[in-house]
Structure formats: structure tokens, C-alpha cells
file final22.tsv (TSV, C-alpha atoms (C1' of nucleotides))
chain	number	residue	atom	x	y	z
U	598	MET	CA	123.85	-17.50	142.52
U	599	ARG	CA	121.51	-20.46	142.73
U	600	GLN	CA	122.79	-23.48	140.91
U	601	ARG	CA	120.39	-25.25	138.59
U	602	LYS	CA	120.45	-28.92	137.84
U	603	ARG	CA	123.05	-29.39	135.17
U	604	ASN	CA	121.86	-31.12	132.08
U	605	GLU	CA	124.89	-31.08	129.86
U	606	PHE	CA	122.79	-30.39	126.78
U	607	LEU	CA	121.02	-27.23	125.73
U	608	THR	CA	117.25	-27.11	125.52
U	609	GLU	CA	115.54	-25.92	122.36
U	610	VAL	CA	115.46	-22.26	123.33
U	611	GLU	CA	118.89	-22.38	124.90
U	612	LEU	CA	120.33	-23.66	121.63
U	613	GLU	CA	118.56	-20.88	119.77
U	614	PHE	CA	120.18	-18.35	122.08
U	615	MET	CA	123.57	-20.01	122.12
U	616	THR	CA	123.66	-20.03	118.34
U	617	GLU	CA	123.33	-16.25	118.33
U	618	LEU	CA	125.85	-15.89	121.11
U	619	TRP	CA	128.38	-18.00	119.23
U	620	ALA	CA	127.85	-15.81	116.18
U	621	MET	CA	128.10	-12.58	118.18
U	622	GLY	CA	130.91	-13.62	120.45
U	623	GLU	CA	129.16	-11.86	123.29
U	624	GLY	CA	126.07	-9.74	123.84
U	625	SER	CA	123.44	-8.25	126.11
U	626	VAL	CA	119.76	-9.12	126.35
U	627	ARG	CA	119.04	-6.31	123.88
U	628	ASP	CA	121.64	-7.64	121.44
U	629	MET	CA	120.02	-11.04	121.65
U	630	LEU	CA	116.52	-9.70	121.01
U	631	ALA	CA	117.78	-7.71	118.05
U	632	ARG	CA	119.11	-10.88	116.46
U	633	LEU	CA	116.06	-13.06	116.92
U	634	ASN	CA	113.52	-13.32	114.15
U	635	PRO	CA	111.14	-10.33	114.48
U	636	ASP	CA	108.17	-12.71	114.36
U	637	ARG	CA	109.53	-14.29	117.49
U	638	ASN	CA	107.95	-11.60	119.66
U	639	LEU	CA	109.71	-12.64	122.80
U	640	ALA	CA	109.30	-10.34	125.81
U	641	TYR	CA	112.42	-8.65	127.08
U	642	THR	CA	112.03	-10.27	130.47
U	643	SER	CA	111.73	-13.71	128.88
U	644	ALA	CA	115.04	-13.31	127.11
U	645	ALA	CA	116.61	-12.01	130.30
U	646	THR	CA	115.27	-14.99	132.22
U	647	ILE	CA	116.56	-17.45	129.68
U	648	LEU	CA	120.05	-15.96	129.79
U	649	ARG	CA	120.03	-15.88	133.58
U	650	ILE	CA	119.10	-19.56	133.70
U	651	MET	CA	121.74	-20.40	131.11
U	652	GLU	CA	124.26	-18.78	133.39
U	653	GLN	CA	122.98	-20.76	136.37
U	654	LYS	CA	123.41	-23.90	134.30
U	655	GLY	CA	126.96	-22.93	133.40
U	656	PHE	CA	126.47	-22.46	129.66
U	657	VAL	CA	127.36	-18.75	129.68
U	658	THR	CA	129.16	-16.26	131.88
U	659	SER	CA	128.35	-12.61	132.35
U	660	GLU	CA	130.19	-9.42	133.02
U	661	LYS	CA	128.56	-6.18	134.03
U	662	LEU	CA	129.04	-3.17	131.77
U	663	GLY	CA	127.33	-0.13	133.25
U	664	LYS	CA	124.04	-1.52	134.40
U	665	THR	CA	123.92	-4.17	131.71
U	666	PHE	CA	125.09	-7.76	131.74
U	667	ILE	CA	127.14	-8.88	128.78
U	668	TYR	CA	126.93	-12.63	128.25
U	669	SER	CA	129.55	-14.88	126.66
U	670	PRO	CA	129.54	-18.58	125.80
U	671	VAL	CA	131.49	-20.85	128.12
U	672	LEU	CA	131.69	-23.76	125.68
U	673	GLU	CA	132.93	-23.21	122.14
U	674	LYS	CA	130.61	-24.20	119.32
U	675	ASP	CA	133.06	-26.80	118.00
U	676	ALA	CA	133.20	-28.53	121.36
U	677	TYR	CA	129.45	-28.54	121.73
U	678	GLN	CA	129.02	-29.90	118.22
U	679	ALA	CA	131.43	-32.74	118.93
U	680	LYS	CA	129.71	-33.53	122.21
U	681	THR	CA	126.30	-33.59	120.58
U	682	LEU	CA	127.47	-35.88	117.80
U	683	ARG	CA	128.98	-38.28	120.29
U	684	ASP	CA	125.73	-38.38	122.20
U	685	LEU	CA	123.63	-38.87	119.10
U	686	SER	CA	125.94	-41.61	117.89
U	687	ASN	CA	125.51	-43.45	121.18
U	688	LYS	CA	121.78	-43.05	121.42
U	689	LEU	CA	120.68	-43.59	117.84
U	690	PHE	CA	123.58	-45.13	115.92
U	691	ASP	CA	124.88	-47.93	118.15
U	692	GLY	CA	127.95	-45.88	119.02
U	693	THR	CA	129.46	-46.30	115.56
U	694	PRO	CA	130.09	-42.90	113.96
U	695	ALA	CA	130.57	-44.58	110.61
U	696	SER	CA	126.94	-45.66	110.50
U	697	MET	CA	126.01	-42.08	111.14
U	698	VAL	CA	127.89	-40.84	108.11
U	699	ALA	CA	126.45	-43.69	106.12
U	700	ARG	CA	122.93	-42.61	106.94
U	701	LEU	CA	123.75	-39.01	106.18
U	702	VAL	CA	125.09	-39.94	102.81
U	703	ASP	CA	122.10	-42.18	102.03
U	704	ASP	CA	119.67	-39.38	102.68
U	705	ASP	CA	117.84	-38.33	99.53
U	706	GLY	CA	117.77	-34.73	100.67
U	707	ILE	CA	121.49	-34.29	100.31
U	708	SER	CA	122.93	-32.54	97.27
U	709	GLU	CA	125.66	-33.74	94.97
U	710	ASP	CA	127.84	-30.81	95.98
U	711	ALA	CA	127.54	-31.69	99.63
U	712	LEU	CA	128.49	-35.28	98.84
U	713	LYS	CA	131.54	-34.17	96.90
U	714	GLU	CA	132.56	-31.90	99.71
U	715	ILE	CA	132.33	-34.75	102.18
U	716	GLN	CA	134.29	-36.97	99.86
U	717	ALA	CA	137.08	-34.42	99.61
U	718	LEU	CA	137.09	-34.11	103.35
U	719	LEU	CA	137.46	-37.84	103.81
U	720	GLN	CA	140.15	-38.03	101.16
U	721	ARG	CA	142.17	-35.38	102.93
U	722	ARG	CA	141.77	-37.03	106.30
U	723	LEU	CA	142.82	-40.43	104.90
U	724	THR	CA	145.93	-39.20	103.13
U	725	ASP	CA	146.99	-36.89	105.94
U	726	ASP	CA	146.50	-39.14	108.94
U	727	PHE	CA	146.90	-42.63	107.50
U	728	PRO	CA	149.66	-42.23	104.92
E	1170	MET	CA	91.76	-42.55	120.87
E	1171	ARG	CA	92.74	-39.09	122.01
E	1172	GLN	CA	95.29	-37.45	119.78
E	1173	ARG	CA	98.31	-35.89	121.42
E	1174	LYS	CA	100.16	-32.93	120.11
E	1175	ARG	CA	102.60	-34.23	117.59
E	1176	ASN	CA	106.16	-33.36	118.22
E	1177	GLU	CA	107.91	-35.12	115.41
E	1178	PHE	CA	110.82	-36.14	117.62
E	1179	LEU	CA	111.01	-38.76	120.32
E	1180	THR	CA	111.60	-37.81	123.92
E	1181	GLU	CA	114.40	-39.44	125.89
E	1182	VAL	CA	112.29	-42.32	127.17
E	1183	GLU	CA	110.47	-42.72	123.91
E	1184	LEU	CA	113.79	-43.14	122.11
E	1185	GLU	CA	114.82	-45.73	124.66
E	1186	PHE	CA	111.62	-47.66	123.96
E	1187	MET	CA	111.74	-47.17	120.23
E	1188	THR	CA	115.29	-48.50	120.12
E	1189	GLU	CA	114.11	-51.76	121.64
E	1190	LEU	CA	111.09	-51.88	119.39
E	1191	TRP	CA	113.25	-51.40	116.31
E	1192	ALA	CA	115.46	-54.24	117.51
E	1193	MET	CA	112.50	-56.51	118.30
E	1194	GLY	CA	110.41	-55.64	115.30
E	1195	GLU	CA	107.33	-55.71	117.51
E	1196	GLY	CA	106.47	-56.48	121.09
E	1197	SER	CA	104.15	-56.24	124.07
E	1198	VAL	CA	104.63	-54.27	127.27
E	1199	ARG	CA	106.10	-57.42	128.85
E	1200	ASP	CA	108.53	-57.85	125.97
E	1201	MET	CA	109.64	-54.27	126.41
E	1202	LEU	CA	110.19	-54.65	130.15
E	1203	ALA	CA	112.18	-57.83	129.58
E	1204	ARG	CA	114.56	-55.95	127.31
E	1205	LEU	CA	115.19	-52.93	129.51
E	1206	ASN	CA	118.17	-52.90	131.81
E	1207	PRO	CA	117.18	-54.74	135.01
E	1208	ASP	CA	118.40	-51.78	137.07
E	1209	ARG	CA	115.82	-49.69	135.29
E	1210	ASN	CA	113.06	-50.89	137.63
E	1211	LEU	CA	110.25	-49.40	135.66
E	1212	ALA	CA	106.73	-50.26	136.79
E	1213	TYR	CA	104.62	-52.26	134.37
E	1214	THR	CA	102.01	-49.53	134.23
E	1215	SER	CA	104.65	-46.93	133.42
E	1216	ALA	CA	105.83	-48.89	130.42
E	1217	ALA	CA	102.23	-49.39	129.34
E	1218	THR	CA	101.56	-45.68	129.67
E	1219	ILE	CA	104.62	-44.76	127.65
E	1220	LEU	CA	103.63	-47.09	124.83
E	1221	ARG	CA	100.06	-45.82	124.86
E	1222	ILE	CA	101.25	-42.24	124.61
E	1223	MET	CA	103.65	-43.17	121.83
E	1224	GLU	CA	100.70	-44.58	119.95
E	1225	GLN	CA	98.68	-41.41	120.55
E	1226	LYS	CA	101.60	-39.48	119.12
E	1227	GLY	CA	101.73	-41.72	116.08
E	1228	PHE	CA	105.14	-43.26	116.69
E	1229	VAL	CA	103.82	-46.81	117.02
E	1230	THR	CA	100.73	-48.81	116.12
E	1231	SER	CA	99.19	-51.66	118.04
E	1232	GLU	CA	97.30	-54.79	117.28
E	1233	LYS	CA	95.44	-56.85	119.82
E	1234	LEU	CA	96.53	-60.43	120.31
E	1235	GLY	CA	94.28	-62.10	122.86
E	1236	LYS	CA	94.04	-59.46	125.55
E	1237	THR	CA	97.47	-58.05	124.86
E	1238	PHE	CA	98.51	-55.19	122.63
E	1239	ILE	CA	101.44	-55.84	120.36
E	1240	TYR	CA	103.20	-52.65	119.38
E	1241	SER	CA	105.14	-51.96	116.18
E	1242	PRO	CA	107.14	-48.96	115.03
E	1243	VAL	CA	105.47	-46.74	112.46
E	1244	LEU	CA	108.68	-45.09	111.34
E	1245	GLU	CA	111.66	-47.21	110.38
E	1246	LYS	CA	114.88	-46.60	112.23
E	1247	ASP	CA	116.66	-45.51	109.06
E	1248	ALA	CA	114.06	-42.86	108.38
E	1249	TYR	CA	114.16	-41.55	111.91
E	1250	GLN	CA	117.94	-41.43	111.84
E	1251	ALA	CA	117.87	-39.42	108.63
E	1252	LYS	CA	115.27	-37.08	110.01
E	1253	THR	CA	117.25	-36.52	113.19
E	1254	LEU	CA	120.42	-35.81	111.27
E	1255	ARG	CA	118.66	-33.32	109.06
E	1256	ASP	CA	117.31	-31.55	112.11
E	1257	LEU	CA	120.67	-31.51	113.86
E	1258	SER	CA	122.35	-30.24	110.74
E	1259	ASN	CA	119.89	-27.36	110.55
E	1260	LYS	CA	120.02	-26.46	114.20
E	1261	LEU	CA	123.69	-26.84	114.99
E	1262	PHE	CA	125.60	-27.05	111.71
E	1263	ASP	CA	124.21	-24.20	109.60
E	1264	GLY	CA	122.33	-26.65	107.44
E	1265	THR	CA	125.49	-27.93	105.80
E	1266	PRO	CA	125.87	-31.69	106.31
E	1267	ALA	CA	129.48	-31.47	105.25
E	1268	SER	CA	130.38	-29.44	108.31
E	1269	MET	CA	128.81	-32.13	110.40
E	1270	VAL	CA	130.97	-34.80	108.86
E	1271	ALA	CA	133.95	-32.53	109.27
E	1272	ARG	CA	133.37	-32.31	112.99
E	1273	LEU	CA	132.80	-36.03	113.19
E	1274	VAL	CA	135.89	-36.90	111.25
E	1275	ASP	CA	137.97	-34.58	113.40
E	1276	ASP	CA	137.12	-36.79	116.33
E	1277	ASP	CA	139.99	-39.16	117.10
E	1278	GLY	CA	137.83	-42.19	117.71
E	1279	ILE	CA	137.19	-43.07	114.08
E	1280	SER	CA	139.31	-45.80	112.47
E	1281	GLU	CA	140.94	-45.87	109.07
E	1282	ASP	CA	138.76	-48.81	108.09
E	1283	ALA	CA	135.63	-46.92	108.98
E	1284	LEU	CA	136.80	-43.96	106.95
E	1285	LYS	CA	137.53	-46.16	103.97
E	1286	GLU	CA	134.18	-47.83	104.27
E	1287	ILE	CA	132.45	-44.49	104.21
E	1288	GLN	CA	134.54	-43.38	101.31
E	1289	ALA	CA	133.53	-46.42	99.29
E	1290	LEU	CA	129.90	-45.78	100.12
E	1291	LEU	CA	130.23	-42.20	98.98
E	1292	GLN	CA	131.91	-43.22	95.78
E	1293	ARG	CA	129.14	-45.63	94.98
E	1294	ARG	CA	126.46	-43.08	95.80
E	1295	LEU	CA	128.08	-40.45	93.61
E	1296	THR	CA	128.55	-42.65	90.58
E	1297	ASP	CA	125.14	-44.33	90.87
E	1298	ASP	CA	122.93	-41.35	91.57
E	1299	PHE	CA	124.76	-38.49	89.90
E	1300	PRO	CA	126.24	-40.01	86.76
T	1047	DT	C1'	121.93	14.65	144.10
T	1048	DT	C1'	118.17	12.85	142.42
T	1049	DG	C1'	114.43	11.27	139.17
T	1050	DG	C1'	113.50	8.24	135.90
T	1051	DA	C1'	114.63	5.17	131.95
T	1052	DG	C1'	116.07	0.96	131.61
T	1053	DA	C1'	118.08	-3.11	133.59
T	1054	DT	C1'	117.69	-7.27	136.70
T	1055	DG	C1'	115.27	-10.62	140.09
T	1056	DC	C1'	111.63	-13.40	141.05
T	1057	DG	C1'	107.35	-15.71	141.30
T	1058	DA	C1'	103.56	-17.60	138.66
T	1059	DC	C1'	101.41	-20.16	135.14
T	1060	DA	C1'	100.77	-23.36	131.27
T	1061	DT	C1'	102.50	-27.21	129.06
T	1062	DC	C1'	105.21	-31.40	128.53
T	1063	DT	C1'	107.59	-35.47	130.43
T	1064	DT	C1'	108.15	-39.36	133.38
T	1065	DT	C1'	106.42	-42.20	136.69
T	1066	DC	C1'	103.09	-44.75	139.31
T	1067	DG	C1'	98.73	-46.36	141.80
T	1068	DT	C1'	94.04	-47.44	141.45
T	1069	DA	C1'	90.11	-48.66	138.87
T	1070	DT	C1'	88.25	-51.09	135.23
T	1071	DT	C1'	88.08	-54.38	131.52
T	1072	DT	C1'	88.99	-58.82	129.30
T	1073	DA	C1'	89.68	-63.47	127.84
T	1074	DC	C1'	90.77	-67.96	129.30
T	1075	DT	C1'	89.96	-72.02	132.44
T	1076	DG	C1'	87.73	-74.85	135.51
A	568	DC	C1'	79.35	-69.33	132.34
A	569	DA	C1'	81.51	-67.37	136.14
A	570	DG	C1'	86.04	-66.19	138.56
A	571	DT	C1'	90.35	-64.59	138.25
A	572	DA	C1'	94.83	-63.47	136.59
A	573	DA	C1'	96.47	-60.30	133.64
A	574	DA	C1'	95.92	-56.53	130.73
A	575	DT	C1'	94.46	-51.66	129.74
A	576	DA	C1'	92.65	-46.88	131.01
A	577	DC	C1'	93.05	-42.96	133.58
A	578	DG	C1'	94.25	-39.45	136.84
A	579	DA	C1'	97.71	-37.40	139.52
A	580	DA	C1'	102.13	-35.86	141.10
A	581	DA	C1'	106.79	-34.16	140.55
A	582	DG	C1'	110.09	-31.98	137.79
A	583	DA	C1'	111.60	-29.32	133.55
A	584	DT	C1'	110.73	-25.81	130.14
A	585	DG	C1'	109.11	-21.53	128.18
A	586	DT	C1'	106.95	-17.31	128.90
A	587	DC	C1'	105.65	-13.14	131.12
A	588	DG	C1'	104.35	-9.35	134.58
A	589	DC	C1'	105.48	-6.95	138.45
A	590	DA	C1'	108.65	-5.36	141.81
A	591	DT	C1'	113.02	-3.70	142.60
A	592	DC	C1'	117.41	-1.87	141.66
A	593	DT	C1'	120.91	1.14	139.36
A	594	DC	C1'	123.37	4.45	136.62
A	595	DC	C1'	123.72	8.92	134.77
A	596	DA	C1'	122.09	13.36	132.95
A	597	DA	C1'	120.04	17.56	134.19
call {"tool": "encode", "arguments": {"input": "final22.tsv", "output": "C-alpha cells"}}
result
Amino acid sequence: MRQRKRNEFLTEVELEFMTELWAMGEGSVRDMLARLNPDRNLAYTSAATILRIMEQKGFVTSEKLGKTFIYSPVLEKDAYQAKTLRDLSNKLFDGTPASMVARLVDDDGISEDALKEIQALLQRRLTDDFP
Amino acid sequence: MRQRKRNEFLTEVELEFMTELWAMGEGSVRDMLARLNPDRNLAYTSAATILRIMEQKGFVTSEKLGKTFIYSPVLEKDAYQAKTLRDLSNKLFDGTPASMVARLVDDDGISEDALKEIQALLQRRLTDDFP
DNA sequence: TTGGAGATGCGACATCTTTCGTATTTACTG
DNA sequence: CAGTAAATACGAAAGATGTCGCATCTCCAA
């Protein structure tokens, strides 16, 4: 299999696909198409191509079942989330995660419930890990 | 001036430039080049092109001083940070900012002081804006 | 065992990004 | 007021992404 240049981050469409794959656990091209928004109108071959490239990039693996490839994520969603946050923190928040949370919390779009949830989360982390 | 298609997010290089522009407040092509890592070795015309395109996209404005354009950010860093976080939350964290903080806080790198600082900020935000 | 439905492989094309070289314009200075 | 150093404008090339059509391959049901 030809190896593609490895960019460690997913492109727009790759993230769209990976999100479904994380939710499904695994799936074929048909499974993927069934999950995409019907308005998406993506050709079967396009979806197949995208998955094939994602495999070449190392984001997914495949296993043949009958004549169909079943794709699975290589990286867990948690791990990818953490990696993305680290990258964003470095590139846009001077490498200080705290400033990232600060900005998040300052955002007008955030609800009171979300804030309270975050607060509880912090409280738990503080009492558990720094007693 | 020709208008470019507006993608509301900065590309890799555009973010690199915008970061310097946010730090400088404003600056010419020369100012930008002076701030980039010396190993970067970017041609003067490349930097000029990037800034021109950023203006076409609406990320910066310019003002002529003598024969030189002085560029300024249109969007403040805070606002762009918030926007980026909102987008990331939607695309990778099911639209729940709390899950984003959860992932962040699970990371070992964050200090107790940082956590406490955030907690204080949250407390203030909750009591001030949701009395 | 074989014909065909359905899957994969691949090349092509349009668009966007990043980079640069060349051509042109411009505003000081002598 | 002209010459020139320095700036801008523009086109092009190389690589990445997103999409699709066509060619080929492959099971399995009759």
C-alpha cells in the first residue's frame, strides 16, 4: 500500500468521517454513507476514496469481510482530542492551557449550566489530585 | 481589490502571521519578516503576498504610510480564540464545552495554581453574570 | 461454474495553500 | 524633476484536498 505523507491531524472531511467511525466503532463505506447527512450527497466512490486515503495516512485500519472492507479507527477519540487541544494551546494560546479555559469561560455563548459543570469538574480535580 | 472566498478560519501560515500581528499591534512586511524565526527564510515577496491575501480575505486592513502598507488585525485575538474554541467544541467535542475542559484537565501538564486560577475566574463569572 | 451486482483501485480535475520571480509602481533625494 | 531604491501587483508552480467516473476485480446464487 502506498504511504501518504503523514500529517498528524485530520483534514475537515477526515474528521467528519472519523467522528462517525468513533461513534460506530467500525464500519464499511456503505455504513459511513448511511450515517452522513442525506443532503451531503457524496458519491460512493468519494467515500471509498476518502477511507482508502485515511488508511494510507494511518488513521484507520481495514479488515476484509466478504468483498467489503470494514474500517476501524486506529487512534481513540480521547487521544485525538487531547492531541488537538495540545496543538491548539501551542499555536493560539501561548502554550498555557489555563488561558484556553479562561477564554472558553469568558465566551458569551456559553450557558450557565455548562459553566457549573466545568466548575464541578475543576472542584473534583482539585480535591482529588491536590488534597 | 479582488475579494477572496471567505473561510472564516486562518490557514497555518496566516495564523503564524496573525500571531505576530497581534503581538505587534500593527506592522509592515519588513516588520513581519523581522519577527519571524530567522531559519524561516521566507522571501520578502512571499510575506507581502500572504499579507495581501489576508487583506483580501478580510483578516487584516492596511493603511499606506509613505510607500509602505501598514497592516493591522481586523479581529482581536480574544475573539478569534473564542471562535476557534467554539468551532473545535462543535466539531470534536459534541458541542459541549465542558467535555473539552474535562479532556484538558485530564492532561497531566496543568498545575494546581492554574486550576485554582481558573476556578476563581469561573466563580467570578458565575456570580457576576448569573446572579 | 459462471454472470452480474456490488465492491475496490486509480486517474483526473477543480480549488486552495504556500512560495517565489518578474514586472510595475512609487515617493524621496540629489 | 528625474533616477533609483524600495515597495506593491501579479502570475505561476508545486503540493494538498475533495470529488467523481470509469475500469477492474470478486464473491456468491442460480
call {"tool": "residues_around", "arguments": {"input": "final22.tsv", "residues": "region 1245-1260 of chain E", "least_positions_apart": "6", "cutoff": "10 Å", "atoms": "only C-alpha atoms (C1' of nucleotides)", "output": "VMD selection string"}}
result
(chain U and resid 609 612 to 613 616 678 681 to 682 685 689 to 690 697 to 707) or (chain E and resid 1177 to 1179 1187 to 1188 1190 to 1192 1194 1228 1266 to 1270)
call {"tool": "atom_distance", "arguments": {"input": "final22.tsv", "atom1": "CA of Lys1226 (chain E)", "atom2": "CA of Tyr1240 (chain E)"}}
result
13.3 Å
call {"tool": "interface_residues", "arguments": {"input": "final22.tsv", "of": "chain T", "to": "chain U", "cutoff": "12 Å", "atoms": "all atoms listed in the file", "output": "JSON, numbers by chain"}}
result
{"T": [1051, 1052, 1053, 1054, 1055, 1056]}
call {"tool": "calpha_fit_and_write", "arguments": {"input": "final22.tsv", "fixed": "chain U", "moving": "chain E", "output": "mmCIF file with C-alpha atoms, in the coordinates of the input"}}
result
data_model
loop_
_atom_site.group_PDB
_atom_site.id
_atom_site.type_symbol
_atom_site.label_atom_id
_atom_site.label_comp_id
_atom_site.auth_asym_id
_atom_site.auth_seq_id
_atom_site.Cartn_x
_atom_site.Cartn_y
_atom_site.Cartn_z
ATOM 1 C CA MET E 1170 125.277 -17.446 142.167
ATOM 2 C CA ARG E 1171 123.088 -20.479 142.658
ATOM 3 C CA GLN E 1172 124.243 -23.484 140.710
ATOM 4 C CA ARG E 1173 121.675 -25.336 138.656
ATOM 5 C CA LYS E 1174 121.753 -28.992 137.931
ATOM 6 C CA ARG E 1175 123.982 -29.441 134.960
ATOM 7 C CA ASN E 1176 122.440 -31.178 132.057
ATOM 8 C CA GLU E 1177 125.204 -31.084 129.525
ATOM 9 C CA PHE E 1178 122.803 -30.423 126.662
ATOM 10 C CA LEU E 1179 120.913 -27.293 125.759
ATOM 11 C CA THR E 1180 117.148 -27.180 125.902
ATOM 12 C CA GLU E 1181 115.157 -26.017 122.891
ATOM 13 C CA VAL E 1182 115.138 -22.356 123.883
ATOM 14 C CA GLU E 1183 118.685 -22.447 125.112
ATOM 15 C CA LEU E 1184 119.825 -23.736 121.724
ATOM 16 C CA GLU E 1185 117.898 -20.955 120.042
ATOM 17 C CA PHE E 1186 119.715 -18.415 122.212
ATOM 18 C CA MET E 1187 123.078 -20.082 121.939
ATOM 19 C CA THR E 1188 122.819 -20.097 118.155
ATOM 20 C CA GLU E 1189 122.486 -16.326 118.169
ATOM 21 C CA LEU E 1190 125.249 -15.950 120.704
ATOM 22 C CA TRP E 1191 127.591 -18.068 118.604
ATOM 23 C CA ALA E 1192 126.766 -15.883 115.615
ATOM 24 C CA MET E 1193 127.219 -12.643 117.574
ATOM 25 C CA GLY E 1194 130.238 -13.692 119.551
ATOM 26 C CA GLU E 1195 128.793 -11.915 122.572
ATOM 27 C CA GLY E 1196 125.795 -9.804 123.410
ATOM 28 C CA SER E 1197 123.389 -8.305 125.917
ATOM 29 C CA VAL E 1198 119.752 -9.191 126.505
ATOM 30 C CA ARG E 1199 118.801 -6.366 124.119
ATOM 31 C CA ASP E 1200 121.141 -7.700 121.449
ATOM 32 C CA MET E 1201 119.554 -11.106 121.800
ATOM 33 C CA LEU E 1202 116.017 -9.753 121.497
ATOM 34 C CA ALA E 1203 116.996 -7.759 118.420
ATOM 35 C CA ARG E 1204 118.159 -10.935 116.715
ATOM 36 C CA LEU E 1205 115.157 -13.123 117.463
ATOM 37 C CA ASN E 1206 112.380 -13.390 114.936
ATOM 38 C CA PRO E 1207 110.049 -10.407 115.460
ATOM 39 C CA ASP E 1208 107.077 -12.780 115.628
ATOM 40 C CA ARG E 1209 108.722 -14.363 118.625
ATOM 41 C CA ASN E 1210 107.389 -11.644 120.942
ATOM 42 C CA LEU E 1211 109.418 -12.679 123.910
ATOM 43 C CA ALA E 1212 109.290 -10.401 126.943
ATOM 44 C CA TYR E 1213 112.527 -8.705 127.921
ATOM 45 C CA THR E 1214 112.462 -10.323 131.336
ATOM 46 C CA SER E 1215 112.005 -13.758 129.794
ATOM 47 C CA ALA E 1216 115.115 -13.361 127.696
ATOM 48 C CA ALA E 1217 116.992 -12.083 130.733
ATOM 49 C CA THR E 1218 115.833 -15.057 132.766
ATOM 50 C CA ILE E 1219 116.877 -17.523 130.097
ATOM 51 C CA LEU E 1220 120.353 -16.028 129.881
ATOM 52 C CA ARG E 1221 120.708 -15.979 133.653
ATOM 53 C CA ILE E 1222 119.756 -19.632 133.867
ATOM 54 C CA MET E 1223 122.140 -20.479 131.048
ATOM 55 C CA GLU E 1224 124.881 -18.861 133.071
ATOM 56 C CA GLN E 1225 123.882 -20.827 136.174
ATOM 57 C CA LYS E 1226 124.131 -23.956 134.066
ATOM 58 C CA GLY E 1227 127.565 -22.979 132.829
ATOM 59 C CA PHE E 1228 126.711 -22.530 129.163
ATOM 60 C CA VAL E 1229 127.606 -18.836 129.088
ATOM 61 C CA THR E 1230 129.607 -16.334 131.111
ATOM 62 C CA SER E 1231 128.861 -12.682 131.647
ATOM 63 C CA GLU E 1232 130.788 -9.523 132.154
ATOM 64 C CA LYS E 1233 129.313 -6.271 133.337
ATOM 65 C CA LEU E 1234 129.580 -3.287 131.041
ATOM 66 C CA GLY E 1235 128.071 -0.251 132.730
ATOM 67 C CA LYS E 1236 124.883 -1.660 134.186
ATOM 68 C CA THR E 1237 124.469 -4.257 131.482
ATOM 69 C CA PHE E 1238 125.605 -7.853 131.382
ATOM 70 C CA ILE E 1239 127.327 -8.960 128.225
ATOM 71 C CA TYR E 1240 127.052 -12.686 127.700
ATOM 72 C CA SER E 1241 129.496 -14.957 125.870
ATOM 73 C CA PRO E 1242 129.383 -18.647 125.037
ATOM 74 C CA VAL E 1243 131.555 -20.896 127.169
ATOM 75 C CA LEU E 1244 131.527 -23.772 124.718
ATOM 76 C CA GLU E 1245 132.393 -23.169 121.087
ATOM 77 C CA LYS E 1246 129.838 -24.174 118.513
ATOM 78 C CA ASP E 1247 132.180 -26.740 116.983
ATOM 79 C CA ALA E 1248 132.644 -28.462 120.309
ATOM 80 C CA TYR E 1249 128.948 -28.531 121.032
ATOM 81 C CA GLN E 1250 128.220 -29.898 117.581
ATOM 82 C CA ALA E 1251 130.729 -32.688 118.098
ATOM 83 C CA LYS E 1252 129.332 -33.477 121.499
ATOM 84 C CA THR E 1253 125.786 -33.606 120.174
ATOM 85 C CA LEU E 1254 126.769 -35.889 117.335
ATOM 86 C CA ARG E 1255 128.549 -38.234 119.685
ATOM 87 C CA ASP E 1256 125.476 -38.390 121.873
ATOM 88 C CA LEU E 1257 123.138 -38.966 118.948
ATOM 89 C CA SER E 1258 125.405 -41.643 117.583
ATOM 90 C CA ASN E 1259 125.317 -43.459 120.911
ATOM 91 C CA LYS E 1260 121.611 -43.135 121.464
ATOM 92 C CA LEU E 1261 120.227 -43.746 118.007
ATOM 93 C CA PHE E 1262 122.991 -45.233 115.862
ATOM 94 C CA ASP E 1263 124.506 -47.987 118.014
ATOM 95 C CA GLY E 1264 127.570 -45.884 118.635
ATOM 96 C CA THR E 1265 128.819 -46.304 115.089
ATOM 97 C CA PRO E 1266 129.257 -42.922 113.382
ATOM 98 C CA ALA E 1267 129.471 -44.638 110.034
ATOM 99 C CA SER E 1268 125.866 -45.760 110.243
ATOM 100 C CA MET E 1269 124.924 -42.186 110.882
ATOM 101 C CA VAL E 1270 126.649 -41.011 107.750
ATOM 102 C CA ALA E 1271 125.060 -43.874 105.884
ATOM 103 C CA ARG E 1272 121.611 -42.690 106.845
ATOM 104 C CA LEU E 1273 122.522 -39.132 106.002
ATOM 105 C CA VAL E 1274 123.960 -39.990 102.645
ATOM 106 C CA ASP E 1275 120.898 -42.046 101.790
ATOM 107 C CA ASP E 1276 118.892 -38.866 102.021
ATOM 108 C CA ASP E 1277 118.215 -37.452 98.558
ATOM 109 C CA GLY E 1278 118.878 -33.856 99.478
ATOM 110 C CA ILE E 1279 122.663 -34.025 99.405
ATOM 111 C CA SER E 1280 124.477 -32.806 96.280
ATOM 112 C CA GLU E 1281 127.373 -34.364 94.435
ATOM 113 C CA ASP E 1282 129.515 -31.349 95.260
ATOM 114 C CA ALA E 1283 128.806 -31.721 98.937
ATOM 115 C CA LEU E 1284 129.701 -35.385 98.774
ATOM 116 C CA LYS E 1285 132.947 -34.620 97.003
ATOM 117 C CA GLU E 1286 133.781 -31.943 99.500
ATOM 118 C CA ILE E 1287 133.302 -34.366 102.338
ATOM 119 C CA GLN E 1288 135.321 -36.964 100.555
ATOM 120 C CA ALA E 1289 138.235 -34.576 100.166
ATOM 121 C CA LEU E 1290 138.014 -33.691 103.833
ATOM 122 C CA LEU E 1291 138.074 -37.347 104.758
ATOM 123 C CA GLN E 1292 141.024 -38.013 102.531
ATOM 124 C CA ARG E 1293 142.974 -35.219 104.115
ATOM 125 C CA ARG E 1294 142.066 -36.347 107.616
ATOM 126 C CA LEU E 1295 143.108 -39.916 106.899
ATOM 127 C CA THR E 1296 146.453 -39.083 105.364
ATOM 128 C CA ASP E 1297 147.312 -36.380 107.912
ATOM 129 C CA ASP E 1298 146.308 -38.082 111.129
ATOM 130 C CA PHE E 1299 146.757 -41.758 110.352
ATOM 131 C CA PRO E 1300 149.822 -41.895 108.129
#
call {"tool": "atom_distance", "arguments": {"input": "final22.tsv", "atom1": "CA of Ala1212 (chain E)", "atom2": "C1' of DT1064 (chain T)"}}
result
11.5 Å
call {"tool": "closest_atom_pairs", "arguments": {"input": "final22.tsv", "of": "chain A", "to": "chain U", "cutoff": "10 Å", "atoms": "all atoms listed in the file", "output": "CSV"}}
result
residue,atom,partner,partner_atom,distance
A:DA583,C1',U:Lys602,CA,9.8
A:DT584,C1',U:Thr608,CA,8.1
A:DG585,C1',U:Val610,CA,8.0
A:DT586,C1',U:Ser643,CA,6.0
A:DC587,C1',U:Ser643,CA,6.5
A:DG588,C1',U:Thr642,CA,8.8
A:DC592,C1',U:Lys664,CA,9.8
A:DT593,C1',U:Lys664,CA,6.4
A:DC594,C1',U:Lys664,CA,6.4
A:DC595,C1',U:Gly663,CA,9.9
